[in-house]
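Heads up: the structure comes next, in structure tokens.
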Amino acid sequence: MFDLSDTVCAVASGQDAQRSIVRVTGDRALSWCGSLLRDPIELTRNGLVLTQVAAAEDLWIDAAVYVFLAPKSYTGQTLIELHVTAPSVLIHALLDRLLSLGIRQAGPGEFTARAYLNGKIDLAQAEAVNDVISGTNSLQLAAAERLLSGSLSKRIQQLQADLLDLMSLLEAGMDFSEDDIEFVTRDQAQDRVRSILTGMQQLLDQSQRNETLAHLPSVGIAGVPNAGKSSLFNALLGQDRSVVSNKHKTTRDVLAHRFGLPGGDCVLFDCAGLIQRPDHVLDQLAQQAAVESLRHCHLVLFCADVTKSDWAEDLAVFDLIPECPVTVVPTKIDLLVPDRRMTQVALLKSAFNKPAHPVSSLTREHLEDLTTLMDQILFESQTAAQGPDMTLLTARHRHMLSQAIESMQDAEELLSHGMDDVACMTLRATYQSLGHVEQHVDEQVLATIFSRFCIGK
């Protein structure tokens with residue numbers, strides 16, 4: 001799958017990065033990269049060389065060359081990083097120059113795969129690299145960083161050590177059964193099985209699935225027509241993404257846009273205005289789409305025009321909002337003088353019997369307070385609930401751990417019926433299932449894992 005004998009290269013920086021990084025690793029990385037540098041590299045240990053690199057014939061660009069000699073590098077092989085500030089066309093020219101020397105283009109995740117295959121990191125840590133890169137919120141990033149630090153591997157190793165200890169006691173008891181020597185009583189063995197099983201279940205329950213963490217939370221903006229939904233949507237995004245008009249029913253579809261908060265990204269939805277009794281087929285379809293979108297939201301911002309004297313229509317459609325956290329947002333506060341504004345907001349809060357967070361989309365007054373509230377609801381409360389020891393688990397981790405839990409449950413049942421020999425076989429199967437989290441993985445599984453990576457990582 002991965003040929004460790006050749007030298008590979010790739011651009012490791014993102015497309016929008018101010019500084020581009022070209023990464024080269026392999027036995028011939030130093031000599032081949034050195035042939036393109038104006039100054040010779042004569043390092044006996046890891047170091048930095050400020051020089052120029054030939055992106056093309058007679059075309060030199062300034063470069064900071066970081067040299068990591070084997071085995072003290074990320075990949076375990078000599079690793080060269082060329083840091084240059086240049087247009088993308090020159091970066092591609094430099095990459096072509098490296099390829100012309102005989103260096104191969106690295107595949108997705110090949111640098112991390114080499115780190116794993118050369119024993120620099122275990123497989124759980126290797127998978128965490130991709131999760132750190134693709135993290136979309138602080139919770140996911142923290143959980144992925146704990147996985148990268150080896151927290152999962154340490155917990156798995158402790159569970160395996162407990163299993164080995166229990167198996168040795170049970171097998172020793174069977175070996176000396178004729179001498180009436182008991183190394184562990186049946187009750188003690190069952191207690192230890194339950195203790196190990198509890199540890200496995202806690203690891204599974206207290207961890208976040210990668211798919212769940214990677215999924216962006218969603219915020220829906222709802223309300224009656226002309227309540228200021230689209231204006232709030234545009235104000236939050238800082239661009240005119242949704243059409244704003246004094247005419248009713250301007251928004252017919254559900255508009256969505258990625259929105260960044262301090263704790264991470266979310267998806268912001270602008271829904272069609274909710275109507276108490278839509279009588280036109282287009283209005284009915286628009287309302288169905290809006291309600292369906294709101295059904296999957298993690299938070300709903302319900303806009304209500306603070307200048308109105310009666311919110312009966314708003315209260316009627318408020319009941320259409322699915323069960324989820326809802327924040328009432330009095331809009332258009334810029335149209336009222338301060339005293340009148342305070343009175344209207346108080347009346348609106350009383351009518352809805354909900355906390356209200358007034359904003360002006362036009363002047364952006366209190367808009368920052370609203371985004372702070374969104375961040376708290378979507379991320380801060382979630383982070384507190386998850387706790388400081390949360391470790392990210394991929395679907396593969398969860399599958400292996402679930403298999404181990406099933407085997408442990410079988411072992412507990414076998415011990416209760418006095419079938420110690422079969423229970424030991426089942427415990428050994430549990431041990432092997434745990435081992436698959438970070439070792440004994442075939443090439444097909446490895447190929448699947450690293451195919452999700454970016455090229456250059």
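Residues in the structure tokens are named by chain (A, B, ... in the order shown) and by number from 1 within that chain; ligands are numbered from 1 in the order shown.
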
Just list as a PyMOL selection string whatever in stretch 26-73 of chain A DSSP marks as alpha helix (DSSP H).
chain A and resi 29-34

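Comparing the minimum interatomic distances between A:Arg104 and each of A:Ser153, A:Thr185, A:Thr44, A:Thr7, counting only C-alpha atoms, we find that A:Thr7 sits nearest.
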
Give me, as a list in words, all polymer residues having an atom no more than 8 Å from A:Val193, counting only C-alpha atoms and skipping those fewer than 4 positions away in the same chain.
Ala189, Leu197, Met408, Ala411 and Glu412 of chain A

Taking only C-alpha atoms into account, name the residue in A:Thr51, A:Ser168, A:Gln188, A:Ser195 that is nearest to A:Leu415.
A:Gln188

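Close contacts of A:Asp3, defined as residues with an atom at most 12 Å away when counting only C-alpha atoms, with chain neighbours fewer than 2 positions off set aside, comprise Met1, Ser5, Asp6, Thr7, Val8, Gly26, Asp27, Arg104, Ala106, Gly107, Glu110, Phe111, Ala113, Arg114, Leu117 and Asn118 of chain A.
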
Can you list every residue of stretch 414-435 of chain A that has an atom at most 7 Å from stretch 163-167 of chain A, with its nearest atom pair and the distance in Å to one decimal, using only C-alpha atoms, ordered by chain then number, as a tab-separated table?
```
residue	atom	partner	partner_atom	distance
A:Cys424	CA	A:Met167	CA	6.0
A:Leu427	CA	A:Leu163	CA	7.0
A:Tyr431	CA	A:Leu163	CA	6.8
```

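Rounded to one decimal, atom CA of A:Ala172 and atom CA of A:Leu159 lie 20.0 Å from each other.
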
Neighbour list for A:Ser13 as a PyMOL selection string, cut-off 9 Å, only C-alpha atoms, skip fewer than 4 positions in-chain:
chain A and resi 17+19-22+456

A:Leu348 environment, 10 Å, only C-alpha atoms, sequence neighbours closer than 2 positions dropped, as an mmCIF file with N, CA and C atoms, in the first residue's frame:
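Dumped to selection.cif:
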```cif
data_model
loop_
_atom_site.group_PDB
_atom_site.id
_atom_site.type_symbol
_atom_site.label_atom_id
_atom_site.label_comp_id
_atom_site.auth_asym_id
_atom_site.auth_seq_id
_atom_site.Cartn_x
_atom_site.Cartn_y
_atom_site.Cartn_z
ATOM 1 N N ALA A 304 -39.444 38.698 16.300
ATOM 2 C CA ALA A 304 -40.734 39.374 16.470
ATOM 3 C C ALA A 304 -40.504 40.883 16.354
ATOM 4 N N ASP A 305 -41.294 41.503 15.517
ATOM 5 C CA ASP A 305 -41.184 42.945 15.280
ATOM 6 C C ASP A 305 -41.576 43.699 16.549
ATOM 7 N N VAL A 306 -40.603 44.371 17.186
ATOM 8 C CA VAL A 306 -40.853 45.029 18.462
ATOM 9 C C VAL A 306 -41.751 46.256 18.312
ATOM 10 N N THR A 307 -41.925 46.778 17.100
ATOM 11 C CA THR A 307 -42.736 47.987 16.893
ATOM 12 C C THR A 307 -44.231 47.684 16.823
ATOM 13 N N LYS A 308 -44.604 46.399 16.754
ATOM 14 C CA LYS A 308 -46.025 46.048 16.640
ATOM 15 C C LYS A 308 -46.751 46.281 17.960
ATOM 16 N N SER A 309 -48.038 46.490 17.863
ATOM 17 C CA SER A 309 -48.851 46.657 19.073
ATOM 18 C C SER A 309 -49.522 45.368 19.497
ATOM 19 N N ASP A 310 -49.536 44.381 18.608
ATOM 20 C CA ASP A 310 -50.203 43.109 18.913
ATOM 21 C C ASP A 310 -49.408 41.971 18.290
ATOM 22 N N TRP A 311 -49.108 40.946 19.096
ATOM 23 C CA TRP A 311 -48.320 39.801 18.610
ATOM 24 C C TRP A 311 -49.135 38.518 18.582
ATOM 25 N N VAL A 328 -36.286 34.236 21.834
ATOM 26 C CA VAL A 328 -37.099 35.268 21.181
ATOM 27 C C VAL A 328 -36.201 36.478 20.924
ATOM 28 N N VAL A 329 -36.244 36.992 19.680
ATOM 29 C CA VAL A 329 -35.406 38.121 19.283
ATOM 30 C C VAL A 329 -36.299 39.277 18.831
ATOM 31 N N PRO A 330 -36.530 40.267 19.701
ATOM 32 C CA PRO A 330 -37.254 41.469 19.267
ATOM 33 C C PRO A 330 -36.401 42.242 18.248
ATOM 34 N N MET A 342 -37.764 50.066 25.590
ATOM 35 C CA MET A 342 -37.764 49.264 26.811
ATOM 36 C C MET A 342 -39.165 48.760 27.141
ATOM 37 N N THR A 343 -40.155 49.626 26.946
ATOM 38 C CA THR A 343 -41.538 49.237 27.226
ATOM 39 C C THR A 343 -41.983 48.109 26.310
ATOM 40 N N GLN A 344 -41.697 48.242 25.007
ATOM 41 C CA GLN A 344 -42.114 47.247 24.030
ATOM 42 C C GLN A 344 -41.430 45.896 24.263
ATOM 43 N N VAL A 345 -40.144 45.940 24.577
ATOM 44 C CA VAL A 345 -39.422 44.686 24.836
ATOM 45 C C VAL A 345 -39.999 43.979 26.058
ATOM 46 N N ALA A 346 -40.344 44.754 27.097
ATOM 47 C CA ALA A 346 -40.936 44.167 28.299
ATOM 48 C C ALA A 346 -42.290 43.532 27.984
ATOM 49 N N SER A 350 -43.257 39.487 28.145
ATOM 50 C CA SER A 350 -44.420 39.025 28.903
ATOM 51 C C SER A 350 -45.376 38.215 28.023
ATOM 52 N N ALA A 351 -45.547 38.644 26.766
ATOM 53 C CA ALA A 351 -46.455 37.947 25.864
ATOM 54 C C ALA A 351 -45.968 36.534 25.550
ATOM 55 N N PHE A 352 -44.664 36.395 25.322
ATOM 56 C CA PHE A 352 -44.120 35.084 24.964
ATOM 57 C C PHE A 352 -43.684 34.263 26.180
ATOM 58 N N ASN A 353 -43.586 34.952 27.339
ATOM 59 C CA ASN A 353 -43.124 34.288 28.555
ATOM 60 C C ASN A 353 -41.771 33.604 28.324
ATOM 61 N N LYS A 354 -40.915 34.306 27.604
ATOM 62 C CA LYS A 354 -39.576 33.804 27.266
ATOM 63 C C LYS A 354 -38.566 34.944 27.423
ATOM 64 N N PRO A 355 -37.307 34.628 27.701
ATOM 65 C CA PRO A 355 -36.281 35.681 27.682
ATOM 66 C C PRO A 355 -36.188 36.288 26.289
ATOM 67 N N ALA A 356 -35.934 37.573 26.224
ATOM 68 C CA ALA A 356 -35.847 38.263 24.932
ATOM 69 C C ALA A 356 -34.491 38.946 24.801
#
```

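Counting only C-alpha atoms, A:Ala64 has the following residues at most 9 Å away, ignoring those fewer than 5 positions along the same chain: A:Leu48, A:Val49, A:Leu50, A:Thr51, A:Gln52, A:Glu81, A:Leu82, A:His83, A:Val84.
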
Export of prior selection with N, CA and C atoms as a PDB file, in the first residue's frame:
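This went into result_5.pdb:
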```
ATOM      1  N   LEU A  48      17.424  24.898  10.909  1.00  0.00           N
ATOM      2  CA  LEU A  48      16.768  25.812   9.969  1.00  0.00           C
ATOM      3  C   LEU A  48      17.833  26.484   9.111  1.00  0.00           C
ATOM      4  N   VAL A  49      17.584  26.541   7.799  1.00  0.00           N
ATOM      5  CA  VAL A  49      18.489  27.200   6.863  1.00  0.00           C
ATOM      6  C   VAL A  49      17.695  28.255   6.091  1.00  0.00           C
ATOM      7  N   LEU A  50      18.147  29.486   6.132  1.00  0.00           N
ATOM      8  CA  LEU A  50      17.530  30.559   5.347  1.00  0.00           C
ATOM      9  C   LEU A  50      18.315  30.708   4.055  1.00  0.00           C
ATOM     10  N   THR A  51      17.668  30.423   2.933  1.00  0.00           N
ATOM     11  CA  THR A  51      18.370  30.401   1.659  1.00  0.00           C
ATOM     12  C   THR A  51      17.383  30.727   0.544  1.00  0.00           C
ATOM     13  N   GLN A  52      17.701  30.304  -0.668  1.00  0.00           N
ATOM     14  CA  GLN A  52      16.789  30.439  -1.807  1.00  0.00           C
ATOM     15  C   GLN A  52      16.657  29.091  -2.487  1.00  0.00           C
ATOM     16  N   GLU A  81      11.090  20.573   5.029  1.00  0.00           N
ATOM     17  CA  GLU A  81       9.966  21.466   4.760  1.00  0.00           C
ATOM     18  C   GLU A  81      10.498  22.759   4.156  1.00  0.00           C
ATOM     19  N   LEU A  82       9.998  23.096   2.972  1.00  0.00           N
ATOM     20  CA  LEU A  82      10.369  24.332   2.287  1.00  0.00           C
ATOM     21  C   LEU A  82       9.256  25.347   2.503  1.00  0.00           C
ATOM     22  N   HIS A  83       9.536  26.371   3.294  1.00  0.00           N
ATOM     23  CA  HIS A  83       8.543  27.405   3.584  1.00  0.00           C
ATOM     24  C   HIS A  83       8.839  28.604   2.686  1.00  0.00           C
ATOM     25  N   VAL A  84       7.914  28.914   1.796  1.00  0.00           N
ATOM     26  CA  VAL A  84       8.129  30.005   0.853  1.00  0.00           C
ATOM     27  C   VAL A  84       6.886  30.886   0.776  1.00  0.00           C
TER      28      VAL A  84
END
```

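You can rank A:Asp62, A:Asp96, A:Asp314, A:Glu413 by their closest distance to A:Val11 using only C-alpha atoms, and at the top of that list sits A:Asp96.
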